[in-house]
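Novice: model.txt is reproduced in full below (compact mmCIF, C-alpha atoms and all ligand atoms).
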# COMPACT_ATOMS: atom_id res chain seq x y z
CA MET A 1 -14.88 5.15 47.35
CA ARG A 2 -11.97 7.40 46.57
CA TYR A 3 -9.92 6.52 43.48
CA ASP A 4 -6.24 7.20 43.05
CA VAL A 5 -6.84 8.68 39.60
CA ALA A 6 -9.89 9.93 37.71
CA VAL A 7 -9.39 10.08 33.95
CA ILE A 8 -11.87 12.49 32.37
CA GLY A 9 -12.64 11.67 28.72
CA GLY A 10 -12.61 8.27 27.05
CA GLY A 11 -11.05 9.05 23.66
CA PRO A 12 -7.69 7.48 22.66
CA SER A 13 -5.73 9.55 25.14
CA GLY A 14 -7.93 8.86 28.19
CA ALA A 15 -8.44 5.18 27.34
CA VAL A 16 -4.68 4.56 26.98
CA ALA A 17 -3.91 6.46 30.21
CA ALA A 18 -6.56 4.52 32.15
CA ALA A 19 -5.31 1.15 30.83
CA GLU A 20 -1.70 1.95 31.80
CA LEU A 21 -2.70 3.05 35.31
CA ALA A 22 -5.00 0.12 35.97
CA LYS A 23 -2.41 -2.33 34.62
CA ALA A 24 -0.01 -0.98 37.27
CA GLY A 25 -2.57 -1.65 40.01
CA ILE A 26 -3.59 2.02 40.50
CA SER A 27 -7.31 2.38 41.28
CA THR A 28 -8.68 4.22 38.25
CA VAL A 29 -12.02 5.55 37.08
CA LEU A 30 -12.67 6.70 33.51
CA ILE A 31 -15.51 9.19 33.04
CA GLU A 32 -16.85 9.51 29.47
CA ARG A 33 -19.88 11.62 28.63
CA ASN A 34 -21.04 9.36 25.77
CA LEU A 35 -19.84 5.80 25.25
CA GLU A 36 -21.45 5.81 21.79
CA ASN A 37 -19.51 8.95 20.80
CA VAL A 38 -18.44 9.17 17.13
CA LYS A 39 -15.50 11.54 17.25
CA PRO A 40 -15.25 13.56 14.00
CA CYS A 41 -11.91 12.36 12.67
CA GLY A 42 -10.17 11.11 9.52
CA GLY A 43 -8.87 8.15 11.51
CA ALA A 44 -5.46 8.03 9.78
CA ILE A 45 -2.84 6.45 12.03
CA PRO A 46 0.83 5.66 11.42
CA LEU A 47 2.32 2.17 11.45
CA GLY A 48 4.43 3.08 14.51
CA LEU A 49 1.25 3.60 16.56
CA ILE A 50 -0.26 0.30 15.38
CA GLU A 51 2.88 -1.54 16.47
CA GLU A 52 3.44 0.26 19.78
CA PHE A 53 -0.16 -0.09 20.97
CA ASN A 54 -0.80 -3.55 19.47
CA ILE A 55 -3.79 -2.42 17.45
CA PRO A 56 -5.39 -5.59 16.02
CA ASP A 57 -5.71 -6.00 12.26
CA ALA A 58 -9.49 -6.21 12.54
CA LEU A 59 -9.59 -2.53 13.55
CA VAL A 60 -7.34 -1.32 10.73
CA GLU A 61 -9.78 -1.08 7.83
CA LYS A 62 -7.21 -0.12 5.21
CA LYS A 63 -3.42 -0.23 5.06
CA LEU A 64 -2.54 2.39 2.48
CA SER A 65 0.93 2.82 1.07
CA LYS A 66 -0.10 4.93 -1.94
CA MET A 67 -0.62 8.65 -1.61
CA SER A 68 -1.13 11.58 -3.94
CA VAL A 69 -0.94 15.32 -3.38
CA ARG A 70 -2.63 17.90 -5.58
CA SER A 71 -1.58 21.52 -6.08
CA PRO A 72 -3.90 24.51 -6.68
CA GLY A 73 -3.10 24.36 -10.42
CA GLY A 74 -3.98 20.66 -10.56
CA ARG A 75 -0.42 19.27 -10.52
CA MET A 76 -0.47 15.75 -9.07
CA ILE A 77 2.40 14.00 -7.33
CA PHE A 78 2.01 10.27 -6.68
CA MET A 79 4.07 8.64 -3.96
CA GLU A 80 4.52 5.21 -2.51
CA MET A 81 5.74 4.31 0.98
CA PRO A 82 8.28 1.53 0.58
CA ASN A 83 8.53 0.62 4.28
CA GLY A 84 5.12 1.07 5.77
CA TYR A 85 1.58 2.32 5.49
CA VAL A 86 -1.04 4.66 6.88
CA GLY A 87 -3.70 2.71 8.76
CA MET A 88 -7.33 3.80 8.50
CA VAL A 89 -9.60 3.29 11.49
CA ARG A 90 -13.16 4.26 12.28
CA ARG A 91 -13.18 6.13 15.56
CA GLU A 92 -16.45 4.67 16.84
CA ARG A 93 -14.82 1.20 16.74
CA PHE A 94 -11.30 2.31 17.69
CA ASP A 95 -12.20 4.32 20.81
CA SER A 96 -14.58 1.66 22.02
CA TYR A 97 -11.88 -1.02 21.64
CA LEU A 98 -9.37 1.06 23.63
CA ARG A 99 -11.93 1.65 26.41
CA ASP A 100 -12.69 -2.08 26.55
CA ARG A 101 -8.99 -2.74 26.93
CA ALA A 102 -8.85 -0.29 29.88
CA LYS A 103 -11.88 -2.07 31.37
CA ARG A 104 -10.22 -5.47 31.02
CA HIS A 105 -7.37 -4.09 33.16
CA SER A 106 -10.02 -3.21 35.84
CA THR A 107 -10.63 0.45 35.08
CA GLU A 108 -14.08 1.43 36.33
CA ILE A 109 -16.00 3.20 33.57
CA ILE A 110 -18.77 5.72 34.25
CA GLU A 111 -20.89 7.26 31.50
CA ALA A 112 -21.57 10.84 32.56
CA LEU A 113 -20.68 14.42 31.74
CA VAL A 114 -18.23 16.10 34.12
CA ARG A 115 -19.89 19.36 35.15
CA GLU A 116 -17.64 20.73 37.85
CA ILE A 117 -14.43 19.86 39.72
CA LYS A 118 -14.08 20.94 43.35
CA LYS A 119 -11.13 20.72 45.72
CA ASP A 120 -11.80 18.05 48.33
CA GLY A 121 -9.19 17.78 51.11
CA ASP A 122 -5.95 16.91 49.30
CA GLY A 123 -7.82 15.59 46.25
CA PHE A 124 -10.83 16.38 44.08
CA SER A 125 -14.57 15.91 44.03
CA ILE A 126 -15.90 15.58 40.48
CA GLN A 127 -19.55 16.53 39.92
CA LEU A 128 -21.38 14.46 37.33
CA SER A 129 -24.54 14.69 35.22
CA LYS A 130 -27.55 12.32 35.43
CA GLY A 131 -27.85 12.89 39.19
CA LEU A 132 -24.91 10.54 39.82
CA PRO A 133 -22.97 10.96 43.07
CA PRO A 134 -19.67 12.90 42.83
CA VAL A 135 -16.52 10.89 42.14
CA LYS A 136 -13.63 11.46 44.51
CA ALA A 137 -10.03 11.08 43.37
CA SER A 138 -6.54 12.04 44.54
CA PHE A 139 -5.29 12.88 41.01
CA ILE A 140 -6.86 13.86 37.70
CA ILE A 141 -5.97 13.28 34.06
CA GLY A 142 -7.91 15.65 31.83
CA ALA A 143 -8.29 13.82 28.48
CA ASP A 144 -11.52 15.56 27.54
CA GLY A 145 -10.59 16.99 24.17
CA ALA A 146 -10.16 20.45 22.64
CA ASN A 147 -12.88 22.11 24.77
CA SER A 148 -11.54 20.52 27.96
CA LYS A 149 -13.79 21.15 30.98
CA THR A 150 -10.99 19.84 33.21
CA ALA A 151 -8.61 22.55 31.95
CA GLU A 152 -11.25 25.22 32.54
CA GLU A 153 -12.15 24.01 36.03
CA LEU A 154 -8.53 23.61 37.15
CA GLY A 155 -7.33 26.91 35.65
CA PHE A 156 -4.83 25.69 33.03
CA PRO A 157 -3.63 28.28 30.46
CA PRO A 158 -5.78 28.48 27.29
CA ASN A 159 -5.72 26.15 24.27
CA GLU A 160 -4.62 28.69 21.68
CA LEU A 161 -4.39 27.86 17.97
CA GLN A 162 -7.47 25.97 16.91
CA VAL A 163 -8.43 24.80 13.49
CA ILE A 164 -12.02 23.82 12.87
CA ALA A 165 -12.36 20.83 10.58
CA MET A 166 -15.32 19.30 8.81
CA GLN A 167 -15.66 15.88 7.27
CA GLN A 168 -18.38 14.16 5.25
CA ARG A 169 -18.76 10.42 4.76
CA PHE A 170 -19.82 9.19 1.32
CA HIS A 171 -20.78 5.69 0.33
CA CYS A 172 -18.37 4.36 -2.29
CA CYS A 173 -19.59 5.33 -5.79
CA ASP A 174 -18.20 5.55 -9.34
CA THR A 175 -16.67 9.05 -8.86
CA LEU A 176 -14.89 7.85 -5.71
CA LYS A 177 -13.66 4.51 -7.10
CA PRO A 178 -10.11 5.85 -7.78
CA TYR A 179 -9.80 6.69 -4.08
CA GLU A 180 -10.58 3.26 -2.66
CA GLU A 181 -6.91 2.40 -2.05
CA LEU A 182 -5.37 5.89 -2.05
CA VAL A 183 -4.85 8.74 0.41
CA GLU A 184 -5.20 12.05 -1.40
CA ILE A 185 -4.32 15.48 -0.02
CA TRP A 186 -5.35 18.74 -1.69
CA PHE A 187 -3.29 21.89 -1.16
CA ASP A 188 -5.63 24.39 -2.73
CA GLY A 189 -6.79 27.79 -1.43
CA ASP A 190 -10.33 27.09 -2.71
CA VAL A 191 -10.49 24.04 -0.45
CA SER A 192 -8.60 25.51 2.49
CA PRO A 193 -6.84 28.89 2.60
CA ASP A 194 -4.64 27.86 5.55
CA PHE A 195 -4.76 24.05 5.95
CA TYR A 196 -5.57 21.25 3.46
CA GLY A 197 -8.31 18.96 2.22
CA TRP A 198 -8.19 15.15 2.51
CA ILE A 199 -9.76 12.09 0.94
CA PHE A 200 -9.45 9.00 3.17
CA PRO A 201 -10.95 5.63 2.22
CA LYS A 202 -12.45 3.19 4.75
CA THR A 203 -14.03 -0.21 4.13
CA ASP A 204 -17.58 1.03 3.77
CA HIS A 205 -17.15 4.73 2.94
CA ILE A 206 -14.81 7.49 1.77
CA ALA A 207 -14.23 10.36 4.21
CA ILE A 208 -13.69 13.78 2.67
CA GLY A 209 -12.84 16.79 4.76
CA THR A 210 -11.15 20.14 5.11
CA GLY A 211 -10.11 22.50 7.88
CA THR A 212 -9.39 26.15 8.47
CA GLU A 213 -8.48 28.45 11.32
CA PHE A 214 -11.40 28.80 13.73
CA ARG A 215 -13.79 31.69 12.89
CA LYS A 216 -11.68 32.93 9.94
CA HIS A 217 -13.46 31.38 6.94
CA ASN A 218 -16.74 29.72 6.10
CA LEU A 219 -15.95 26.04 6.61
CA LYS A 220 -19.17 24.73 5.06
CA GLU A 221 -18.51 26.71 1.88
CA LEU A 222 -14.95 25.38 1.66
CA GLN A 223 -16.18 21.81 2.08
CA HIS A 224 -18.92 22.34 -0.50
CA ARG A 225 -16.37 23.65 -3.02
CA PHE A 226 -14.06 20.69 -2.32
CA VAL A 227 -16.79 18.15 -2.97
CA GLN A 228 -17.78 20.02 -6.16
CA LYS A 229 -14.18 20.12 -7.39
CA ILE A 230 -13.82 16.36 -6.90
CA GLY A 231 -17.01 16.01 -8.92
CA ILE A 232 -19.18 14.13 -6.44
CA THR A 233 -22.89 14.43 -7.08
CA GLU A 234 -24.01 11.88 -4.44
CA LYS A 235 -25.10 13.15 -1.02
CA PRO A 236 -23.01 12.37 2.08
CA TYR A 237 -24.65 10.14 4.69
CA LEU A 238 -22.85 11.80 7.63
CA ASP A 239 -21.53 15.33 8.31
CA GLU A 240 -19.19 15.85 11.25
CA ALA A 241 -17.08 18.75 12.55
CA ALA A 242 -14.82 19.57 15.50
CA LYS A 243 -11.92 21.74 16.58
CA ILE A 244 -8.30 20.65 16.20
CA PRO A 245 -6.00 22.29 18.79
CA MET A 246 -2.64 22.58 17.02
CA LYS A 247 -0.60 24.35 19.68
CA PRO A 248 0.44 22.84 23.04
CA ARG A 249 -0.82 24.83 26.03
CA THR A 250 2.01 26.82 27.63
CA SER A 251 1.69 24.37 30.53
CA PHE A 252 -0.26 21.13 30.82
CA THR A 253 0.92 19.91 34.22
CA GLN A 254 -0.09 20.89 37.75
CA GLU A 255 0.85 19.40 41.10
CA LYS A 256 -2.01 16.89 41.10
CA ALA A 257 -3.41 17.04 37.59
CA ILE A 258 -2.26 16.78 34.00
CA LEU A 259 -3.84 17.24 30.59
CA THR A 260 -3.25 14.83 27.72
CA GLY A 261 -4.05 14.70 23.99
CA ASP A 262 -6.26 17.42 22.52
CA ALA A 263 -6.99 18.78 26.00
CA ALA A 264 -3.30 19.74 26.18
CA GLY A 265 -3.24 20.98 22.55
CA LEU A 266 -1.05 18.12 21.33
CA VAL A 267 -1.90 18.02 17.63
CA THR A 268 0.89 18.70 15.16
CA PRO A 269 0.63 21.80 12.95
CA ALA A 270 0.57 21.42 9.16
CA ASN A 271 -0.88 17.88 9.15
CA GLY A 272 -3.35 18.00 12.09
CA GLU A 273 -2.23 14.62 13.39
CA GLY A 274 -3.50 14.04 16.92
CA ILE A 275 -4.28 10.36 17.57
CA PHE A 276 -0.65 9.29 17.97
CA PHE A 277 0.16 12.21 20.28
CA ALA A 278 -3.03 11.63 22.27
CA MET A 279 -2.09 8.01 22.92
CA ARG A 280 1.58 8.74 23.53
CA SER A 281 0.77 11.57 25.98
CA GLY A 282 -1.79 9.31 27.69
CA LYS A 283 0.91 6.70 28.18
CA LEU A 284 3.64 9.13 29.29
CA GLY A 285 1.18 10.92 31.58
CA ALA A 286 0.05 7.67 33.19
CA HIS A 287 3.65 6.60 33.81
CA ALA A 288 4.41 9.94 35.50
CA MET A 289 1.25 9.49 37.62
CA ILE A 290 2.42 6.02 38.70
CA GLU A 291 5.79 7.48 39.74
CA ARG A 292 4.01 10.29 41.63
CA ILE A 293 1.78 7.86 43.51
CA ARG A 294 4.46 5.26 44.28
CA ASN A 295 7.59 7.37 44.74
CA ASN A 296 6.28 10.93 45.16
CA LYS A 297 8.09 12.04 41.98
CA PRO A 298 6.75 15.35 40.57
CA LEU A 299 4.30 15.16 37.66
CA LYS A 300 6.22 17.76 35.69
CA SER A 301 8.51 15.00 34.34
CA TYR A 302 5.57 14.10 32.05
CA GLU A 303 5.50 17.46 30.28
CA LYS A 304 9.31 17.64 30.19
CA ASN A 305 9.55 14.19 28.55
CA PHE A 306 6.81 14.93 26.04
CA ARG A 307 8.40 18.21 24.97
CA LYS A 308 11.87 16.66 24.76
CA LEU A 309 10.60 13.88 22.50
CA TYR A 310 8.27 15.85 20.25
CA ALA A 311 9.10 19.60 20.36
CA PRO A 312 11.36 19.30 17.25
CA ILE A 313 8.51 17.69 15.26
CA PHE A 314 6.02 20.37 16.37
CA PHE A 315 8.55 23.09 15.56
CA GLY A 316 9.43 21.67 12.12
CA LEU A 317 5.79 21.27 11.08
CA GLN A 318 4.90 24.72 12.39
CA ALA A 319 7.69 26.21 10.27
CA LEU A 320 6.45 24.26 7.24
CA GLN A 321 2.89 25.53 7.72
CA PHE A 322 4.13 29.08 8.29
CA VAL A 323 6.18 29.11 5.09
CA TYR A 324 3.96 27.20 2.66
CA TYR A 325 0.29 27.44 3.66
CA LYS A 326 -0.22 31.16 3.05
CA SER A 327 -1.03 31.43 -0.66
CA ASP A 328 -1.64 29.28 -3.73
CA ARG A 329 1.73 30.35 -5.14
CA LEU A 330 3.48 28.93 -2.07
CA ARG A 331 1.30 25.80 -2.06
CA GLU A 332 2.29 25.25 -5.70
CA SER A 333 5.97 25.37 -4.65
CA PHE A 334 5.33 23.00 -1.78
CA VAL A 335 3.72 20.37 -4.00
CA ALA A 336 6.59 20.73 -6.49
CA ILE A 337 9.09 19.94 -3.70
CA CYS A 338 7.09 16.81 -2.80
CA GLU A 339 8.23 15.32 -6.12
CA ASP A 340 11.74 14.86 -4.72
CA ARG A 341 12.31 11.22 -3.66
CA ASP A 342 14.46 12.23 -0.67
CA VAL A 343 11.77 14.63 0.56
CA GLN A 344 9.23 11.77 0.29
CA ARG A 345 11.49 9.33 2.14
CA ILE A 346 12.23 11.77 4.98
CA THR A 347 8.53 12.69 5.28
CA PHE A 348 7.35 9.07 5.42
CA ASP A 349 10.11 7.96 7.83
CA SER A 350 9.32 10.74 10.28
CA TYR A 351 5.54 10.23 9.91
CA LEU A 352 5.57 6.47 10.44
CA TYR A 353 7.69 6.38 13.60
CA LYS A 354 7.84 10.02 14.74
CA LYS A 355 11.59 9.99 14.69
CA MET A 356 13.52 12.77 13.00
CA VAL A 357 16.50 11.01 11.43
CA PRO A 358 18.84 13.69 10.01
CA ALA A 359 19.56 13.15 6.31
CA PRO A 360 23.18 13.26 5.06
CA TRP A 361 24.52 16.78 4.63
CA SER A 362 24.55 16.57 0.81
CA ILE A 363 20.83 15.65 0.73
CA GLN A 364 19.95 18.43 3.18
CA MET A 365 21.76 20.91 0.92
CA LYS A 366 20.00 19.58 -2.20
CA ILE A 367 16.57 19.90 -0.52
CA PHE A 368 17.41 23.37 0.75
CA MET A 369 18.41 24.54 -2.73
CA LYS A 370 15.27 22.99 -4.27
CA ASN A 371 13.16 24.86 -1.69
CA ILE A 372 14.77 28.15 -2.67
CA TYR A 373 14.36 27.36 -6.40
CA HIS A 374 10.66 26.49 -6.12
CA LEU A 375 9.90 29.37 -3.75
CA VAL A 376 11.44 31.85 -6.18
CA LYS A 377 9.88 30.22 -9.25
CA GLY A 378 6.47 29.82 -7.56
CA SER A 379 5.97 26.23 -8.73
C1 LIG B 1 -12.37 16.39 11.31
C2 LIG B 1 -11.13 15.89 12.03
C3 LIG B 1 -10.28 14.98 11.38
C4 LIG B 1 -9.16 14.48 12.04
N1 LIG B 1 -8.39 13.54 11.43
C5 LIG B 1 -7.33 13.00 12.05
C6 LIG B 1 -6.59 11.95 11.46
O1 LIG B 1 -6.89 11.49 10.38
N2 LIG B 1 -5.51 11.45 12.15
C7 LIG B 1 -5.16 11.92 13.38
O2 LIG B 1 -4.16 11.44 13.95
N3 LIG B 1 -5.87 12.91 13.98
C8 LIG B 1 -6.95 13.44 13.37
N4 LIG B 1 -7.71 14.39 14.00
C9 LIG B 1 -7.35 14.78 15.38
C10 LIG B 1 -7.79 13.69 16.37
O3 LIG B 1 -9.15 13.36 16.15
C11 LIG B 1 -7.61 14.11 17.83
O4 LIG B 1 -6.32 14.67 17.97
C12 LIG B 1 -7.79 12.96 18.80
O5 LIG B 1 -9.11 12.50 18.79
C13 LIG B 1 -7.45 13.37 20.23
O6 LIG B 1 -7.78 12.35 21.13
P1 LIG B 1 -8.15 12.71 22.65
O7 LIG B 1 -8.38 11.42 23.34
O8 LIG B 1 -7.15 13.63 23.20
O9 LIG B 1 -9.49 13.56 22.55
P2 LIG B 1 -10.91 13.17 21.95
O10 LIG B 1 -10.77 12.11 20.94
O11 LIG B 1 -11.55 14.44 21.56
O12 LIG B 1 -11.67 12.53 23.18
C14 LIG B 1 -12.16 13.31 24.23
C15 LIG B 1 -13.27 12.53 24.92
O13 LIG B 1 -13.68 13.26 26.07
C16 LIG B 1 -15.09 13.20 26.17
N5 LIG B 1 -15.51 14.38 26.94
C17 LIG B 1 -15.41 15.68 26.57
N6 LIG B 1 -15.86 16.49 27.56
C18 LIG B 1 -16.25 15.68 28.57
C19 LIG B 1 -16.79 15.91 29.86
N7 LIG B 1 -17.03 17.16 30.32
N8 LIG B 1 -17.10 14.83 30.65
C20 LIG B 1 -16.85 13.56 30.22
N9 LIG B 1 -16.34 13.29 29.00
C21 LIG B 1 -16.02 14.33 28.19
C22 LIG B 1 -15.58 13.19 24.72
O14 LIG B 1 -16.87 12.63 24.59
C23 LIG B 1 -14.48 12.36 24.03
O15 LIG B 1 -14.83 10.99 23.97
C24 LIG B 1 -8.84 14.92 13.36
C25 LIG B 1 -9.68 15.83 14.00
C26 LIG B 1 -10.82 16.31 13.35
C27 LIG B 1 -11.74 17.27 14.07
Any chance you could give the structure as structure tokens?
Ligand SMILES: Cc1cc2nc3c(=O)[nH]c(=O)nc-3n(C[C@H](O)[C@H](O)[C@H](O)COP(=O)(O)OP(=O)(O)OC[C@H]3O[C@@H](n4cnc5c(N)ncnc54)[C@H](O)[C@@H]3O)c2cc1C

Specialist:
Amino acid sequence: MRYDVAVIGGGPSGAVAAAELAKAGISTVLIERNLENVKPCGGAIPLGLIEEFNIPDALVEKKLSKMSVRSPGGRMIFMEMPNGYVGMVRRERFDSYLRDRAKRHSTEIIEALVREIKKDGDGFSIQLSKGLPPVKASFIIGADGANSKTAEELGFPPNELQVIAMQQRFHCCDTLKPYEELVEIWFDGDVSPDFYGWIFPKTDHIAIGTGTEFRKHNLKELQHRFVQKIGITEKPYLDEAAKIPMKPRTSFTQEKAILTGDAAGLVTPANGEGIFFAMRSGKLGAHAMIERIRNNKPLKSYEKNFRKLYAPIFFGLQALQFVYYKSDRLRESFVAICEDRDVQRITFDSYLYKKMVPAPWSIQMKIFMKNIYHLVKGS
């Protein structure tokens, strides 16, 4: 059988794309190398995602509206989201739920590793592991993560800026009690010289992690120092690590194939948020595919739409990371600015729904002046 579309990778991006295609009556196969995969991830998702993709309450282990940020000198800023929350999910449950949803819409699911993609007439022949016969498809969606085999096989430009992140899961214990209903972020050069450290609670564990630019620093040492600084003496029950591609590829669309999510490099700088953009790109990509198949519309509308919607957010967060993540002095200034209520409101509003709503001119000026003040003062 030849499918209209083969989706390679069954994370959030591939599962959403497959569900959208199958729902529209497009014959779709989803190829995932490991259906038991536990993707290393903090699992923090914004309210806007939960609403848009109808994520059931049972999957959202915590709804956290309290957050604190910590500076290198130990200054703490506590914040509260008045109009929403960060949802915490466990990826092994979340991804599996999204794949089941795709299956319910009649996506065929194959568990196998994609080894090679060959041209086959006007489509593709996808070579699989486990001695399975090749899958034939007219179009491909590469949703196979930061080390995308699809991108390599089809000759997409490289995935450039990559952070490598590590996370450890700890059972709840006395030291971690204060974190059971709180998201905490550490901006501290000892924990990460160019990113940040996080403490995210789930129902049965607390996830603690940090990241840094790939091959620049010793990630294990950074994580060790973080855990020591928090004061945890218990051992973690799970260590996990993976790359985070925080720069969109220069192109993620071809005539008959697209990349979505991490495969396309769609994780925002500064905060490393990728689940929302993976699911959103999966949806936008699938809709462009449907238009291509039904009305012969070019696939490039997908990339154009994605960039139009989200390029300002990527640009803004890249600028923030560039200015503030370089030294402890700058991180100290950044945390000081977080104390401003308007900064908090703008940050939460844009995080929750990914919409940049411009603040009134007077507030923009006030924030700008505060930035200058704290940058000069160094705190
Ligand atoms: C430590 C860490 C913490 C993070 N925390 C957060 C967070 O809190 N919030 C957030 O929004 N983002 C977070 N991210 C980023 C987020 O995890 C990713 O952006 C998101 O998973 C991207 O989804 P995806 O579907 O594009 O790719 P993935 O989730 O990586 O899924 C790709 C899938 O493809 C499969 N695959 C790969 N190669 C092949 C192949 N050759 N054949 C078949 N299948 C293949 C894999 O098994 C996998 O299931 C974090 C990342 C890391 C590393």

Novice: Nearest to Gln127 (chain A) among A:Val69, A:Ile31, A:Ala143, A:Met81, with distances taken over only C-alpha atoms: which residue is it?

Specialist: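 Looking at the shortest contact to Gln127 (chain A), the residue is A:Ile31.
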
Novice: Which chains and residue numbers are within 7 Å of ligand LIG 1 (chain B), counting only C-alpha atoms and all ligand atoms, if I want them as a tab-separated table (two decimals) with C-alpha atoms, in the frame of the given file?

Specialist:
chain	number	residue	atom	x	y	z
A	8	ILE	CA	-11.87	12.49	32.37
A	9	GLY	CA	-12.64	11.67	28.72
A	10	GLY	CA	-12.61	8.27	27.05
A	11	GLY	CA	-11.05	9.05	23.66
A	12	PRO	CA	-7.69	7.48	22.66
A	13	SER	CA	-5.73	9.55	25.14
A	14	GLY	CA	-7.93	8.86	28.19
A	31	ILE	CA	-15.51	9.19	33.04
A	32	GLU	CA	-16.85	9.51	29.47
A	33	ARG	CA	-19.88	11.62	28.63
A	34	ASN	CA	-21.04	9.36	25.77
A	37	ASN	CA	-19.51	8.95	20.80
A	39	LYS	CA	-15.50	11.54	17.25
A	40	PRO	CA	-15.25	13.56	14.00
A	41	CYS	CA	-11.91	12.36	12.67
A	42	GLY	CA	-10.17	11.11	9.52
A	43	GLY	CA	-8.87	8.15	11.51
A	44	ALA	CA	-5.46	8.03	9.78
A	45	ILE	CA	-2.84	6.45	12.03
A	112	ALA	CA	-21.57	10.84	32.56
A	113	LEU	CA	-20.68	14.42	31.74
A	114	VAL	CA	-18.23	16.10	34.12
A	115	ARG	CA	-19.89	19.36	35.15
A	143	ALA	CA	-8.29	13.82	28.48
A	144	ASP	CA	-11.52	15.56	27.54
A	145	GLY	CA	-10.59	16.99	24.17
A	146	ALA	CA	-10.16	20.45	22.64
A	147	ASN	CA	-12.88	22.11	24.77
A	148	SER	CA	-11.54	20.52	27.96
A	149	LYS	CA	-13.79	21.15	30.98
A	164	ILE	CA	-12.02	23.82	12.87
A	165	ALA	CA	-12.36	20.83	10.58
A	166	MET	CA	-15.32	19.30	8.81
A	167	GLN	CA	-15.66	15.88	7.27
A	209	GLY	CA	-12.84	16.79	4.76
A	240	GLU	CA	-19.19	15.85	11.25
A	241	ALA	CA	-17.08	18.75	12.55
A	242	ALA	CA	-14.82	19.57	15.50
A	243	LYS	CA	-11.92	21.74	16.58
A	244	ILE	CA	-8.30	20.65	16.20
A	260	THR	CA	-3.25	14.83	27.72
A	261	GLY	CA	-4.05	14.70	23.99
A	262	ASP	CA	-6.26	17.42	22.52
A	263	ALA	CA	-6.99	18.78	26.00
A	267	VAL	CA	-1.90	18.02	17.63
A	272	GLY	CA	-3.35	18.00	12.09
A	273	GLU	CA	-2.23	14.62	13.39
A	274	GLY	CA	-3.50	14.04	16.92
A	275	ILE	CA	-4.28	10.36	17.57
A	276	PHE	CA	-0.65	9.29	17.97
A	278	ALA	CA	-3.03	11.63	22.27

Novice: Neighbourhood query: residues within 12 Å of (8.7, 14.0, 37.8), file coordinates, counting all atoms listed in the file; return as a compact mmCIF listing (two decimals) with C-alpha atoms, keeping the file's coordinate frame.

Specialist:
# COMPACT_ATOMS: atom_id res chain seq x y z
CA THR A 253 0.92 19.91 34.22
CA GLN A 254 -0.09 20.89 37.75
CA GLU A 255 0.85 19.40 41.10
CA LYS A 256 -2.01 16.89 41.10
CA ILE A 258 -2.26 16.78 34.00
CA LEU A 284 3.64 9.13 29.29
CA GLY A 285 1.18 10.92 31.58
CA ALA A 286 0.05 7.67 33.19
CA HIS A 287 3.65 6.60 33.81
CA ALA A 288 4.41 9.94 35.50
CA MET A 289 1.25 9.49 37.62
CA ILE A 290 2.42 6.02 38.70
CA GLU A 291 5.79 7.48 39.74
CA ARG A 292 4.01 10.29 41.63
CA ILE A 293 1.78 7.86 43.51
CA ARG A 294 4.46 5.26 44.28
CA ASN A 295 7.59 7.37 44.74
CA ASN A 296 6.28 10.93 45.16
CA LYS A 297 8.09 12.04 41.98
CA PRO A 298 6.75 15.35 40.57
CA LEU A 299 4.30 15.16 37.66
CA LYS A 300 6.22 17.76 35.69
CA SER A 301 8.51 15.00 34.34
CA TYR A 302 5.57 14.10 32.05
CA GLU A 303 5.50 17.46 30.28
CA LYS A 304 9.31 17.64 30.19
CA ASN A 305 9.55 14.19 28.55
CA PHE A 306 6.81 14.93 26.04

Novice: Between A:Ala359, A:Met246, A:Asp190, A:Pro158, which is the closest to Ser327 (chain A) once you count only C-alpha atoms?

Specialist: A:Asp190

Novice: Between A:Ile199, A:Ile313, A:Ile140, A:Val343, single out the one closest to Pro269 (chain A), counting all atoms listed in the file.

Specialist: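 Distance minimum relative to Pro269 (chain A) lands on A:Ile313.
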
Novice: How big is the axis-aligned box around all listed atoms of region 198-207 of chain A once 8 Å goes on each side, and where's its centre, in Å to one decimal, as JSON?

Specialist:
{"center_x": -12.9, "center_y": 7.5, "center_z": 2.8, "size_x": 25.4, "size_y": 31.4, "size_z": 19.8}

Novice: Please determine, counting only C-alpha atoms, which residue among A:Val163, A:Val16, A:Ile141, A:Ile206 has the shortest atom-to-atom distance to Phe252 (chain A).

Specialist: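 Counting only C-alpha atoms, the residue closest to Phe252 (chain A) is A:Ile141.
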
Novice: Could you work out how far CA of Ser106 (chain A) lies from CA of Lys23 (chain A), giving the answer in Å with one decimal?

Specialist: 7.8 Å

Novice: Grab the CA of Gly282 (chain A) to CA of Gln344 (chain A) distance for me, in Å with one decimal place.

Specialist: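 Separation of CA of Gly282 (chain A) and CA of Gln344 (chain A): 29.6 Å.
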
Novice: What's the separation between CA of Tyr3 (chain A) and CA of Val29 (chain A), in Å to one decimal place?

Specialist: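 The value is 6.8 Å.
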
Novice: Could you list, as a ChimeraX atom specification, every residue within 12 Å of Phe368 (chain A), counting only C-alpha atoms and ignoring same-chain residues fewer than 5 positions away?

Specialist: /A:337,340,342-343,359,361-363,373-375

Novice: Give me, as number ranges by chain, all polymer residues having an atom no more than 7 Å from Leu47 (chain A), counting all atoms listed in the file and skipping those fewer than 6 positions away in the same chain.

Specialist: A: 84-87, 352

Novice: From the set A:Val38, A:Met67, A:Leu161, A:Val376, which residue has the shortest atom-to-atom contact distance to Leu238 (chain A), counting all atoms listed in the file?

Specialist: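 Looking only at the distances to Leu238 (chain A), the closest residue turns out to be A:Val38.
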